[in-house]
Amino acid sequence: MASSVAALTITALLCALSTTVPSPSKLAIGAMVAFPIAAASAGFVQFYVLTESQDFVLLAIAMAPILIFGCLLSVRPQIAGIGFIMNIEFLVLLAPSNPQVYNPQIFFSECIFVAFALCLVFLATRLVWPVSDLDKQHAVVRATKRTLAASVSGDEDSSPALGFALAGRVADYIGSAAPGRGSRPHLLRALLATNDLSLAAASAHLHLEQTSDDPAIRSRIGVLQRVLRSGSSRRLYAAARSILRHARGRQAESHEPLIAVAADLWAAGLVLEGERRLIRHFCDDNFAR
């Protein structure tokens, strides 16, 4: 039972971590390389250091050098995967408990099960779900197009999470389009411009909802939303100027939401005016490759 639990734990951790790295197969290779080191370290600590007493201080002193060694390996980007995976495998195989179980047969069976699980994960990353760099780039482009359509139509909420998600997609594209592997600077520029437009449109819809208590704005919300969906920088500039004219002569506390709406509309117009040629590819299904 304990052997299968250790194997399933390692498998679940590797599958979860593989979704956060550019190359899951390299992560699986790093786990296989780190496994002998982790198994030898766990066996040494369990059957040599901890046999005399079960003191927590002794356990911490025995674990510290191995964990520090794994952290030092993680400093170098080339072998970073080996370092943190080694620490994970070491802790899973050691499985410190009170009282500690000293059974070499159980420990050996755990190592066999974990090694078998690592081989299955490696084969899966190679055969079952291989994802190329080009597939990752296409996924980023499709997600960016969906976000732009939702932001312009008002279906996307303006929040810090949206900004983090857009930044994460740009990072994913950069990681999958490193120099020499199909890097296209014009597409990266288009992604950045489209993200700016998505943020401005989502923020404009949010501020329009906040100003719906104003009767003059409430009657024009539909028109302003159609201006956002029109993709015309001139209409966006005109809408921003009209809102600023409406804000004149009003009380100071009511200026802020109106100015925010005007600023969002103006920002969207600036992005469209400067990068219309690039952004238009994200507005339909016929994306120019």
# chains A, B, ... in the order shown; residues from 1 in each chain; ligands from 1

call {"tool": "closest_atom_pairs", "arguments": {"of": "stretch 63-107 of chain A", "to": "stretch 115-120 of chain A", "cutoff": "12 Å", "atoms": "only C-alpha atoms", "output": "tab-separated table"}}
result
residue	atom	partner	partner_atom	distance
A:Ile85	CA	A:Leu118	CA	11.5
A:Glu89	CA	A:Ala115	CA	10.6
A:Leu93	CA	A:Ala115	CA	11.3

call {"tool": "residues_around", "arguments": {"residues": "stretch 255-271 of chain A", "least_positions_apart": "4", "cutoff": "8 Å", "atoms": "only C-alpha atoms", "output": "list in words"}}
result
Ala193, Asp196, Leu197, Ala200, Ala201, Ser203, Ala204, His207, Leu208, Gln210, Thr211, Leu228, Ser232, Ser233, Arg234, Leu236, Tyr237, Ala239, Ala240, Arg241, Ile243, Leu244, Ala247, Arg250, Gln251, Glu275 and Arg276 of chain A

call {"tool": "closest_residue", "arguments": {"among": "A:Lys145, A:Gly231, A:Ala42, A:Val21", "to": "A:Phe108", "atoms": "only C-alpha atoms"}}
result
A:Ala42

call {"tool": "residues_around", "arguments": {"residues": "stretch 76-83 of chain A", "least_positions_apart": "2", "cutoff": "8 Å", "atoms": "only C-alpha atoms", "output": "number ranges by chain"}}
result
A: 27, 30-31, 33-34, 69-74, 85-87

call {"tool": "select_by_dssp", "arguments": {"residues": "stretch 6-244 of chain A", "states": "helix (DSSP H, G or I)", "output": "ChimeraX atom specification"}}
result
/A:6-18,24-49,56-75,77-94,104-128,133-153,160-176,185-210,215-218,221-230,233-244

call {"tool": "residues_around", "arguments": {"residues": "A:Asp172", "least_positions_apart": "6", "cutoff": "10 Å", "atoms": "only C-alpha atoms", "output": "list in words"}}
result
Thr20, Val21, Pro22, Asp133, Lys136, Gln137, Ala139, Val140 and Leu166 of chain A

call {"tool": "write_last_selection", "arguments": {"atoms": "C-alpha atoms", "output": "PDB file, in the first residue's frame"}}
result
ATOM      1  CA  THR A  20       4.026  24.697 -15.779  1.00  0.00           C
ATOM      2  CA  VAL A  21       7.198  23.957 -17.783  1.00  0.00           C
ATOM      3  CA  PRO A  22       7.884  24.444 -21.504  1.00  0.00           C
ATOM      4  CA  ASP A 133       6.272  24.657 -29.657  1.00  0.00           C
ATOM      5  CA  LYS A 136       1.744  26.220 -27.855  1.00  0.00           C
ATOM      6  CA  GLN A 137       1.994  29.327 -30.021  1.00  0.00           C
ATOM      7  CA  ALA A 139      -2.941  27.994 -28.293  1.00  0.00           C
ATOM      8  CA  VAL A 140      -1.734  31.429 -27.145  1.00  0.00           C
ATOM      9  CA  LEU A 166      -2.505  38.045 -20.506  1.00  0.00           C
TER      10      LEU A 166
END

call {"tool": "closest_residue", "arguments": {"among": "A:Ile88, A:Leu191, A:Ile10, A:Leu199", "to": "A:Ala143", "atoms": "only C-alpha atoms"}}
result
A:Leu191

call {"tool": "closest_residue", "arguments": {"among": "A:Asp155, A:Asp55, A:Glu273, A:Glu110", "to": "A:Val92", "atoms": "only C-alpha atoms"}}
result
A:Glu110
